[in-house]
Amino acid sequence: MTEALHQTGLRASQLVAPPAQFFIPAAASLQERRPRTLKHGDTFAVFDHNGDVLSGPGSPEGLFHRDTRYLSHYYLTIGGERPMLLSSTLRDDNATLTCDLTNPDLNDETGRCLIAHDRIHMRRTRFLWQGTCYERLAVRNFDEVAHEVTLEIAFEADFADIFEVRGRVRARRGTSLLPEVDGSHVILSYRGLDHNPRSTALRFDPAPAQLEPGKAVYRLSLAPGETRSLFIEIGCDANGAEDPPSRLFFRSLRDARRALRRSSSRAATVQSSNEIFNETMRRSVSDLYMLMTDTEEGPYPYAGVPWFSTVFGRDALITAREMLWLDPAVARGVLLHLAANQATEFDPDTDAEPGKILHEARYGEMAETGEVPFRRYYGSVDSTPLFVMLAGAYFERTGNREVLETLWPHVRAALDWIETYGDRDGDGFVEYERRSDKGLANQGWKDSHDAVFHADGTLAKGPIALCEVQGYVYAARLAAAEIARELGHDGIAQEQARKASELKSRFDAAFWDDELGTYVLALDGDKRPCRVRSSNAGHLLWTGIVPEERAETVIHALMGPTSFCGWGVRTIAAGQARYNPMSYHNGSVWPHDNALIGAGLARYGFREQAARIFEGIFSAATYIDLRRLPELFCGFPRRETQGPTFYPVACTPQAWAAGAPLLLLQACLGLRFDAEARQVIFEQPILPGFLGEVVLRNLRLDGGSVDVALRRSGTHVVADVLRRDGPVRVIVTT
């Protein structure tokens with residue numbers, strides 16, 4: 001996906017990652033803990049099922065703000081014991097986390113039972129809003145007698161940089177400052193090596209009976225049936241509010257829910273005849289809007305929690321493309337934000353080159369001091385052509401000429417980058433090789449250190465020309481030609497169309513492999529082909545660079561048993577060198593990868609095969625907690641009556657994984673838009689076997705919107721317009 005991620009048996013304290021790869025240790029599997037995540041803006045939190053934070057080697061738990069952990073330990077006990085879990089769930093819209101707990105048997109020092117189990121109920125309700133975590137802890141006595149109850153909340157703030165949490169060992173750190181304590185609040189502070197102060201402010205309402213720098217103690221007298229509510233507020237670099245947490249809790253909860261409703265109200269909605277599919281879609285859309293962050297230029301989906309909750313170029317460009325039919329405002333926000341951060345100068349330490357589109361932005365101490373190069377990092381070879389592709393797709397979807405004119409100088413700069421810095425040796429292909437040892441060694445979407453290799457397993461040496469990147473460049477040139485034509489630059493339009501045609505022929509000659517029956521993974525620095533069957537070829541179908549006469553052969557390779565495992569297409573086919581179904585990029589299954597492949601299959605008219613991929617991805621979701629698709633899962637063969645094998649440190653939620661069902665649904669329905677003619681078009685639609693009917697509501701075009709129901713009728717799909725607002729037509733082709 002974004003940065004190399006690998007398993008290791010080492011503890012975090014033993015791990016010294018190679019400086020260019022930024023590994024994430026797998027000392028603890030996220031699947032074991034099934035963490036609960038919340039996010040708002042530049043703040044996210046990862047809790048365990050009880051709502052606690054129990055950090056340790058490999059643990060991502062904590063409250064994070066702008067790439068720093070502001071709360072590293074948060075542990076509730078009752079009578080000195082950890083409460084027992086009853087249930088733990090997120091609201092369907094991800095607005096709040098609710099944990100229901102109860103007491104175990106509580107005994108005195110002699111072993112006499114003071115309070116029998118299941119007498120005291122505790123409900124923790126928690127959410128994030130504007131850099132602050134709000135919690136209400138409601139405690140109720142369900143016993144027939146009164147009880148004296150002692151609750152203790154232990155807390156710490158280590159102010160670890162996100163890269164430290166991920167396993168990076170630092171030679172030195174900043175300075176922890178003396179805590180400030182009064183009767184109802186504690187402030188924990190730290191001054192980093194970047195000289196920036198950071199503070200965590202904990203406020204308690206009502207004031208606890210005892211408050212220390214790392215502990216708050218409540219002693220409650222509860223009559224039978226009585227409920228007491230405690231409010232805790234944890235602010236990241238908070239200035240201090242005048243209103244008590246009890247009042248701010250309800251006001252902030254109202255504002256948080258309103259903001260979520262306001263942002264998601266732009267989107268079309270999906271309802272089907274399959275309730276489990278409806279749950280999956282609701283969770284996907286809710287995750288996408290939870291990951292959305294409002295920038296000055298518009299909404300921007302952060303890549304994923306916990307490791308990638310920040311701006312990533314490639315991830316957001318693909319996520320926006322997956323969401324484009326649902327909510328084109330996201331694509332506008334992504335395009336404008338990336339345009340505002342497009343590189344204008346050459347900087348080898350950050351792989352920046354004029355015209356190049358951002359890979360990653362970070363705000364933590366290690367980025368500010370240069371310990372990691374990601375403050376503004378440009379080390380992705382594909383973000384730039386994907387940017388131009390999305391600009392073209394956005395205009396096709398919306399017809400918004402004003403945005404197109406704003407983007408045009410940035411599109412021109414991106415095309416210049418493709419011609420100059422992108423093509424390292426002037427052979428007409430775009431290659432990558434990091435400019436310094438600070439950067440990522442591999443800079444395509446499969447960016448782990450061993451993701452690009454030859455048939456014998458030998459790692460490829462750069463500059464490396466990935467096959468799918470050439471497809472992206474081809475599609476980018478065609479998109480640029482359409483944009484230029486619309487803006488009256490006919491000469492540029494003709495030039496880009498000609499270069500796209502030339503690239504298509506040259507690419508097929510250099511990358512096609514008859515023996516493999518597909519395109520090679522890449523060309524290395526000596527122009528030797530990496531003769532490996534990979535999922536990358538599916539992206540070529542998505543871009544349209546594959547000649548019609550080769551499409552069926554490529555699809556046969558993708559959908560054969562060595563590549564398609566039943567849950568989806570593997571990143572690397574079984575039997576290839578370095579194949580490992582438990583690896584990050586060499587045999588695993590990625591939902592977003594499969595969504596792009598599905599869109600490519602549909603583009604060439606193979607919708608039944610696209611539906612087969614859709615069924616695999618959806619079936620995997622039915623076995624996953626909260627119906628939430630993770631970043632990836634293992635590529636073991638599908639077994640009857642059993643779910644997929646999970647990858648231990650996969651991010652969840654992950655934006656482009658959450659968007660995968662949206663793009664797969666669009667691919668199966670053949671859904672596209674003609675903004676100029678104000679037409680919603682369903683081209684040879686099919687419904688996968690698990691869907692008998694789908695209703696799409698609020699499909700918007702300038703000047704109107706429609707609700708459309710699509711139903712299976714024999715071997716065909718028929719469409720009914722349920723509502724029409726304005727001059728929008730619905731066209732169904734067979």
# chains A, B, ... in the order shown; residues from 1 in each chain; ligands from 1

$ select_by_dssp --residues "range 354-594 of chain A" --states "alpha helix (DSSP H)" --output "NGL selection string"
:A and (365-369 or 383-398 or 401-417 or 467-486 or 490-511 or 536-543 or 548-559 or 591-594)

$ write_last_selection --atoms "C-alpha atoms" --output "short mmCIF file (atom, residue, chain, number, x, y, z; two decimals), in the first residue's frame"
data_model
loop_
_atom_site.label_atom_id
_atom_site.label_comp_id
_atom_site.auth_asym_id
_atom_site.auth_seq_id
_atom_site.Cartn_x
_atom_site.Cartn_y
_atom_site.Cartn_z
CA GLU A 365 8.45 15.19 15.82
CA MET A 366 10.51 12.72 13.76
CA ALA A 367 9.29 14.23 10.49
CA GLU A 368 9.97 17.75 11.74
CA THR A 369 13.54 16.87 12.76
CA SER A 383 0.65 9.38 -7.85
CA THR A 384 1.42 11.80 -10.68
CA PRO A 385 -0.28 9.91 -13.54
CA LEU A 386 -3.12 8.90 -11.18
CA PHE A 387 -3.64 12.60 -10.46
CA VAL A 388 -4.13 13.35 -14.16
CA MET A 389 -6.39 10.31 -14.54
CA LEU A 390 -8.62 11.47 -11.69
CA ALA A 391 -8.79 15.00 -13.09
CA GLY A 392 -10.15 13.60 -16.34
CA ALA A 393 -12.56 11.25 -14.61
CA TYR A 394 -13.82 14.05 -12.36
CA PHE A 395 -14.64 16.25 -15.34
CA GLU A 396 -16.39 13.37 -17.10
CA ARG A 397 -18.46 12.75 -13.96
CA THR A 398 -19.36 16.38 -13.17
CA ARG A 401 -15.14 23.33 -16.07
CA GLU A 402 -14.16 25.80 -13.36
CA VAL A 403 -12.28 23.16 -11.38
CA LEU A 404 -10.71 21.93 -14.62
CA GLU A 405 -9.31 25.39 -15.35
CA THR A 406 -7.90 25.62 -11.82
CA LEU A 407 -6.22 22.24 -12.23
CA TRP A 408 -4.87 22.80 -15.74
CA PRO A 409 -1.45 24.29 -14.73
CA HIS A 410 -0.96 21.36 -12.35
CA VAL A 411 -1.92 18.85 -15.03
CA ARG A 412 0.64 20.46 -17.35
CA ALA A 413 3.30 20.26 -14.62
CA ALA A 414 2.44 16.59 -14.03
CA LEU A 415 2.79 15.85 -17.76
CA ASP A 416 6.16 17.63 -17.79
CA TRP A 417 7.27 15.43 -14.87
CA CYS A 467 3.88 -2.50 -15.78
CA GLU A 468 0.82 -0.84 -14.22
CA VAL A 469 2.54 2.55 -14.10
CA GLN A 470 2.80 2.52 -17.89
CA GLY A 471 -0.94 1.85 -17.98
CA TYR A 472 -1.54 4.80 -15.67
CA VAL A 473 0.59 7.03 -17.91
CA TYR A 474 -1.37 5.85 -20.97
CA ALA A 475 -4.69 6.67 -19.30
CA ALA A 476 -3.29 9.96 -18.00
CA ARG A 477 -2.32 11.04 -21.50
CA LEU A 478 -5.79 10.24 -22.81
CA ALA A 479 -7.35 12.14 -19.90
CA ALA A 480 -5.02 15.08 -20.54
CA ALA A 481 -6.03 15.05 -24.20
CA GLU A 482 -9.71 15.35 -23.24
CA ILE A 483 -8.99 18.10 -20.71
CA ALA A 484 -6.89 20.05 -23.21
CA ARG A 485 -9.56 19.68 -25.88
CA GLU A 486 -12.23 20.98 -23.50
CA ASP A 490 -6.11 21.48 -29.43
CA GLY A 491 -2.41 21.14 -30.16
CA ILE A 492 -1.72 19.70 -26.71
CA ALA A 493 -4.73 17.42 -27.06
CA GLN A 494 -3.43 15.96 -30.32
CA GLU A 495 0.07 15.58 -28.90
CA GLN A 496 -1.13 13.69 -25.80
CA ALA A 497 -3.40 11.41 -27.83
CA ARG A 498 -0.52 10.59 -30.19
CA LYS A 499 1.85 9.84 -27.30
CA ALA A 500 -0.76 7.60 -25.68
CA SER A 501 -1.12 5.60 -28.91
CA GLU A 502 2.65 5.25 -29.26
CA LEU A 503 3.00 4.14 -25.64
CA LYS A 504 0.32 1.47 -26.09
CA SER A 505 2.24 -0.16 -28.95
CA ARG A 506 5.66 0.20 -27.35
CA PHE A 507 4.38 -1.13 -24.03
CA ASP A 508 2.85 -4.25 -25.54
CA ALA A 509 6.08 -5.07 -27.36
CA ALA A 510 8.26 -4.64 -24.26
CA PHE A 511 6.06 -6.11 -21.49
CA ASN A 536 -0.53 -5.71 -11.51
CA ALA A 537 -1.70 -6.86 -14.93
CA GLY A 538 -5.30 -6.34 -13.80
CA HIS A 539 -4.61 -2.63 -13.41
CA LEU A 540 -3.63 -2.58 -17.08
CA LEU A 541 -7.15 -3.68 -17.97
CA TRP A 542 -8.51 -0.84 -15.81
CA THR A 543 -6.47 1.72 -17.76
CA GLU A 548 -8.60 -6.17 -27.22
CA GLU A 549 -7.07 -9.36 -28.63
CA ARG A 550 -4.97 -9.90 -25.48
CA ALA A 551 -7.64 -9.14 -22.89
CA GLU A 552 -9.11 -12.63 -22.59
CA THR A 553 -5.66 -14.18 -22.16
CA VAL A 554 -4.78 -11.72 -19.38
CA ILE A 555 -8.11 -12.38 -17.68
CA HIS A 556 -7.57 -16.13 -17.88
CA ALA A 557 -4.26 -15.69 -16.02
CA LEU A 558 -5.87 -13.50 -13.37
CA MET A 559 -8.88 -15.74 -12.78
CA PRO A 591 -9.63 -5.41 -1.67
CA HIS A 592 -8.65 -2.23 -3.52
CA ASP A 593 -6.40 -4.18 -5.88
CA ASN A 594 -9.32 -6.46 -6.67
#

$ closest_residue --among "A:Cys565, A:Leu335, A:Leu699, A:Ile613" --to "Arg638 in chain A" --atoms "only C-alpha atoms"
A:Cys565

$ closest_residue --among "A:Pro35, A:Thr310, A:Pro299, A:Asn274" --to "Arg362 in chain A" --atoms "only C-alpha atoms"
A:Thr310

$ closest_residue --among "A:Val145, A:Ile731, A:Ala160, A:Ala709" --to "Thr269 in chain A" --atoms "only C-alpha atoms"
A:Ala709

$ select_by_dssp --residues "range 546-675 of chain A" --states "strand (DSSP E or B)" --output "PyMOL selection string"
chain A and resi 564+569-570+572+589+633+646+654+671-674

$ write_last_selection --atoms "C-alpha atoms" --output "mmCIF file, in the first residue's frame"
data_model
loop_
_atom_site.group_PDB
_atom_site.id
_atom_site.type_symbol
_atom_site.label_atom_id
_atom_site.label_comp_id
_atom_site.auth_asym_id
_atom_site.auth_seq_id
_atom_site.Cartn_x
_atom_site.Cartn_y
_atom_site.Cartn_z
ATOM 1 C CA PHE A 564 -7.769 -16.300 -7.861
ATOM 2 C CA VAL A 569 -6.947 -12.222 -6.937
ATOM 3 C CA ARG A 570 -3.629 -12.694 -5.165
ATOM 4 C CA ILE A 572 1.416 -12.806 -6.739
ATOM 5 C CA VAL A 589 -5.366 -10.387 -1.290
ATOM 6 C CA PHE A 633 -5.908 -10.557 4.167
ATOM 7 C CA PHE A 646 -6.433 -12.526 8.432
ATOM 8 C CA GLN A 654 -8.532 1.514 5.398
ATOM 9 C CA LEU A 671 -22.583 2.656 -14.218
ATOM 10 C CA ARG A 672 -21.217 5.811 -15.814
ATOM 11 C CA PHE A 673 -22.272 9.420 -16.285
ATOM 12 C CA ASP A 674 -22.530 11.773 -19.236
#

$ closest_residue --among "A:Gly79, A:Gly183, A:Pro529, A:Pro354" --to "Val452 in chain A" --atoms "only C-alpha atoms"
A:Pro529

$ atom_distance --atom1 "CA of Gly56 in chain A" --atom2 "CA of Gly192 in chain A"
21.2 Å

$ residues_around --residues "Ala658 in chain A" --least-positions-apart "5" --cutoff "7 Å" --atoms "only C-alpha atoms" --output "MDAnalysis selection string"
chainID A and resid 284 287:288 629

$ closest_atom_pairs --of "range 235-332 of chain A" --to "range 675-689 of chain A" --cutoff "12 Å" --atoms "only C-alpha atoms" --output "CSV"
residue,atom,partner,partner_atom,distance
A:Ser272,CA,A:Leu687,CA,10.7
A:Ser273,CA,A:Leu687,CA,11.3
A:Asn274,CA,A:Gly689,CA,10.5
A:Phe277,CA,A:Pro688,CA,11.5
A:Trp325,CA,A:Val680,CA,10.1

$ atom_distance --atom1 "CA of Pro57 in chain A" --atom2 "CA of Asp161 in chain A"
14.1 Å

$ residues_around --residues "range 63-78 of chain A" --least-positions-apart "6" --cutoff "7 Å" --atoms "only C-alpha atoms" --output "MDAnalysis selection string"
chainID A and resid 42:46 52:55 103 131 150:162 200 236 362:364

$ write_last_selection --atoms "N, CA and C atoms" --output "mmCIF file, in the first residue's frame"
data_model
loop_
_atom_site.group_PDB
_atom_site.id
_atom_site.type_symbol
_atom_site.label_atom_id
_atom_site.label_comp_id
_atom_site.auth_asym_id
_atom_site.auth_seq_id
_atom_site.Cartn_x
_atom_site.Cartn_y
_atom_site.Cartn_z
ATOM 1 N N ASP A 42 -7.468 15.381 12.369
ATOM 2 C CA ASP A 42 -6.101 14.898 12.530
ATOM 3 C C ASP A 42 -5.921 14.082 13.811
ATOM 4 N N THR A 43 -7.016 13.653 14.411
ATOM 5 C CA THR A 43 -6.974 12.886 15.657
ATOM 6 C C THR A 43 -7.615 11.529 15.435
ATOM 7 N N PHE A 44 -6.966 10.476 15.937
ATOM 8 C CA PHE A 44 -7.592 9.162 15.939
ATOM 9 C C PHE A 44 -7.241 8.443 17.222
ATOM 10 N N ALA A 45 -8.034 7.440 17.539
ATOM 11 C CA ALA A 45 -7.817 6.669 18.756
ATOM 12 C C ALA A 45 -8.045 5.201 18.472
ATOM 13 N N VAL A 46 -7.249 4.372 19.118
ATOM 14 C CA VAL A 46 -7.378 2.922 19.032
ATOM 15 C C VAL A 46 -7.506 2.392 20.456
ATOM 16 N N ASP A 52 -10.180 0.396 26.886
ATOM 17 C CA ASP A 52 -8.907 0.747 27.504
ATOM 18 C C ASP A 52 -7.827 0.942 26.448
ATOM 19 N N VAL A 53 -6.731 1.523 26.875
ATOM 20 C CA VAL A 53 -5.508 1.631 26.088
ATOM 21 C C VAL A 53 -4.435 0.861 26.834
ATOM 22 N N LEU A 54 -3.966 -0.218 26.219
ATOM 23 C CA LEU A 54 -2.925 -1.049 26.826
ATOM 24 C C LEU A 54 -1.765 -1.125 25.857
ATOM 25 N N SER A 55 -0.930 -0.114 25.866
ATOM 26 C CA SER A 55 0.161 -0.064 24.898
ATOM 27 C C SER A 55 1.271 -1.021 25.308
ATOM 28 N N ASN A 103 -19.006 -5.832 36.777
ATOM 29 C CA ASN A 103 -17.984 -6.182 37.759
ATOM 30 C C ASN A 103 -17.800 -7.689 37.855
ATOM 31 N N GLY A 131 -9.892 17.426 18.162
ATOM 32 C CA GLY A 131 -8.681 17.188 18.928
ATOM 33 C C GLY A 131 -8.884 16.739 20.353
ATOM 34 N N THR A 150 -15.377 1.510 44.274
ATOM 35 C CA THR A 150 -14.163 2.275 43.974
ATOM 36 C C THR A 150 -13.779 2.050 42.512
ATOM 37 N N LEU A 151 -13.750 3.130 41.760
ATOM 38 C CA LEU A 151 -13.311 3.099 40.368
ATOM 39 C C LEU A 151 -11.987 3.834 40.252
ATOM 40 N N GLU A 152 -11.064 3.232 39.529
ATOM 41 C CA GLU A 152 -9.766 3.873 39.311
ATOM 42 C C GLU A 152 -9.469 3.904 37.819
ATOM 43 N N ILE A 153 -9.008 5.048 37.350
ATOM 44 C CA ILE A 153 -8.561 5.201 35.964
ATOM 45 C C ILE A 153 -7.085 5.559 36.006
ATOM 46 N N ALA A 154 -6.243 4.643 35.519
ATOM 47 C CA ALA A 154 -4.802 4.902 35.424
ATOM 48 C C ALA A 154 -4.499 5.406 34.026
ATOM 49 N N PHE A 155 -3.595 6.382 33.920
ATOM 50 C CA PHE A 155 -3.332 6.967 32.605
ATOM 51 C C PHE A 155 -1.879 7.404 32.486
ATOM 52 N N GLU A 156 -1.393 7.430 31.248
ATOM 53 C CA GLU A 156 -0.048 7.899 30.940
ATOM 54 C C GLU A 156 -0.061 8.517 29.547
ATOM 55 N N ALA A 157 0.929 9.359 29.293
ATOM 56 C CA ALA A 157 1.132 9.929 27.957
ATOM 57 C C ALA A 157 2.616 9.855 27.639
ATOM 58 N N ASP A 158 2.979 9.048 26.640
ATOM 59 C CA ASP A 158 4.405 8.912 26.316
ATOM 60 C C ASP A 158 4.843 9.847 25.187
ATOM 61 N N PHE A 159 3.898 10.482 24.489
ATOM 62 C CA PHE A 159 4.186 11.409 23.395
ATOM 63 C C PHE A 159 5.124 10.775 22.363
ATOM 64 N N ALA A 160 4.905 9.488 22.117
ATOM 65 C CA ALA A 160 5.725 8.786 21.121
ATOM 66 C C ALA A 160 5.298 9.201 19.720
ATOM 67 N N ASP A 161 6.275 9.395 18.872
ATOM 68 C CA ASP A 161 6.009 9.639 17.457
ATOM 69 C C ASP A 161 5.413 8.366 16.848
ATOM 70 N N ILE A 162 4.565 8.521 15.829
ATOM 71 C CA ILE A 162 3.920 7.365 15.211
ATOM 72 C C ILE A 162 4.946 6.357 14.701
ATOM 73 N N THR A 200 -1.148 16.927 27.019
ATOM 74 C CA THR A 200 -2.403 16.197 27.156
ATOM 75 C C THR A 200 -3.100 16.705 28.409
ATOM 76 N N CYS A 236 -5.929 17.123 23.286
ATOM 77 C CA CYS A 236 -4.585 17.166 22.713
ATOM 78 C C CYS A 236 -4.225 18.617 22.422
ATOM 79 N N ARG A 362 3.567 14.196 6.869
ATOM 80 C CA ARG A 362 3.588 13.866 8.300
ATOM 81 C C ARG A 362 3.846 15.127 9.111
ATOM 82 N N TYR A 363 3.375 15.097 10.375
ATOM 83 C CA TYR A 363 3.431 16.285 11.222
ATOM 84 C C TYR A 363 4.119 16.025 12.561
ATOM 85 N N GLY A 364 4.629 14.816 12.776
ATOM 86 C CA GLY A 364 5.199 14.464 14.069
ATOM 87 C C GLY A 364 6.616 14.973 14.250
#

$ atom_distance --atom1 "CA of Thr293 in chain A" --atom2 "CA of Ser309 in chain A"
9.8 Å

$ residues_around --residues "Phe636 in chain A" --least-positions-apart "6" --cutoff "12 Å" --atoms "only C-alpha atoms" --output "compact mmCIF listing (two decimals) with C-alpha atoms, in the first residue's frame"
# COMPACT_ATOMS: atom_id res chain seq x y z
CA PRO A 561 -6.61 -21.12 -9.70
CA THR A 562 -3.04 -19.98 -9.03
CA SER A 563 -4.11 -16.32 -8.94
CA PHE A 564 -7.77 -16.30 -7.86
CA CYS A 565 -7.92 -17.93 -4.43
CA GLY A 566 -11.71 -17.72 -4.02
CA TRP A 567 -11.63 -14.52 -1.95
CA GLY A 568 -9.96 -12.48 -4.66
CA VAL A 569 -6.95 -12.22 -6.94
CA ARG A 570 -3.63 -12.69 -5.17
CA THR A 571 -0.94 -10.07 -5.50
CA ILE A 572 1.42 -12.81 -6.74
CA ALA A 573 0.25 -16.10 -8.22
CA ALA A 574 0.91 -19.35 -6.37
CA TYR A 579 4.99 -16.46 -3.27
CA ASN A 580 3.80 -16.44 0.32
CA PRO A 581 0.09 -16.07 1.12
CA MET A 582 1.02 -14.53 4.49
CA SER A 583 3.25 -11.83 2.99
CA ASN A 586 3.65 -11.44 -2.48
CA GLY A 587 0.54 -13.60 -2.36
CA SER A 588 -1.96 -11.73 -0.19
CA VAL A 589 -5.37 -10.39 -1.29
CA GLN A 642 -14.65 -21.12 6.58
CA GLY A 643 -13.67 -17.50 6.40
CA PRO A 644 -10.47 -15.90 5.12
CA THR A 645 -7.20 -15.96 7.03
CA PHE A 646 -6.43 -12.53 8.43
CA TYR A 647 -3.20 -10.61 8.06

$ residues_around --residues "Arg173 in chain A" --least-positions-apart "2" --cutoff "7 Å" --atoms "only C-alpha atoms" --output "PyMOL selection string"
chain A and resi 170+175+192-193

$ write_last_selection --atoms "C-alpha atoms" --output "mmCIF file, in the first residue's frame"
data_model
loop_
_atom_site.group_PDB
_atom_site.id
_atom_site.type_symbol
_atom_site.label_atom_id
_atom_site.label_comp_id
_atom_site.auth_asym_id
_atom_site.auth_seq_id
_atom_site.Cartn_x
_atom_site.Cartn_y
_atom_site.Cartn_z
ATOM 1 C CA ARG A 170 15.446 6.554 18.365
ATOM 2 C CA THR A 175 12.037 16.038 27.493
ATOM 3 C CA GLY A 192 10.286 17.405 21.517
ATOM 4 C CA LEU A 193 13.588 17.640 19.722
#

$ closest_residue --among "A:Asp456, A:Asp725, A:Glu144, A:Asp118" --to "Gly575 in chain A" --atoms "only C-alpha atoms"
A:Asp456

$ residues_around --residues "Ser221 in chain A" --least-positions-apart "4" --cutoff "8 Å" --atoms "only C-alpha atoms" --output "list of chain:residue names"
A:Ala146, A:His147, A:Glu148, A:Val149

$ write_last_selection --atoms "N, CA and C atoms" --output "PDB file, in the first residue's frame"
ATOM      1  N   ALA A 146     -27.402  -1.370  48.735  1.00  0.00           N
ATOM      2  CA  ALA A 146     -26.456  -0.311  48.388  1.00  0.00           C
ATOM      3  C   ALA A 146     -25.028  -0.862  48.368  1.00  0.00           C
ATOM      4  N   HIS A 147     -24.164  -0.212  47.572  1.00  0.00           N
ATOM      5  CA  HIS A 147     -22.761  -0.634  47.494  1.00  0.00           C
ATOM      6  C   HIS A 147     -21.842   0.576  47.452  1.00  0.00           C
ATOM      7  N   GLU A 148     -20.697   0.406  48.097  1.00  0.00           N
ATOM      8  CA  GLU A 148     -19.606   1.354  47.984  1.00  0.00           C
ATOM      9  C   GLU A 148     -18.673   0.845  46.872  1.00  0.00           C
ATOM     10  N   VAL A 149     -18.490   1.631  45.844  1.00  0.00           N
ATOM     11  CA  VAL A 149     -17.737   1.193  44.666  1.00  0.00           C
ATOM     12  C   VAL A 149     -16.539   2.117  44.471  1.00  0.00           C
TER      13      VAL A 149
END

$ closest_residue --among "A:Lys356, A:Ser59, A:Arg198, A:Ala361" --to "Pro648 in chain A" --atoms "only C-alpha atoms"
A:Ser59
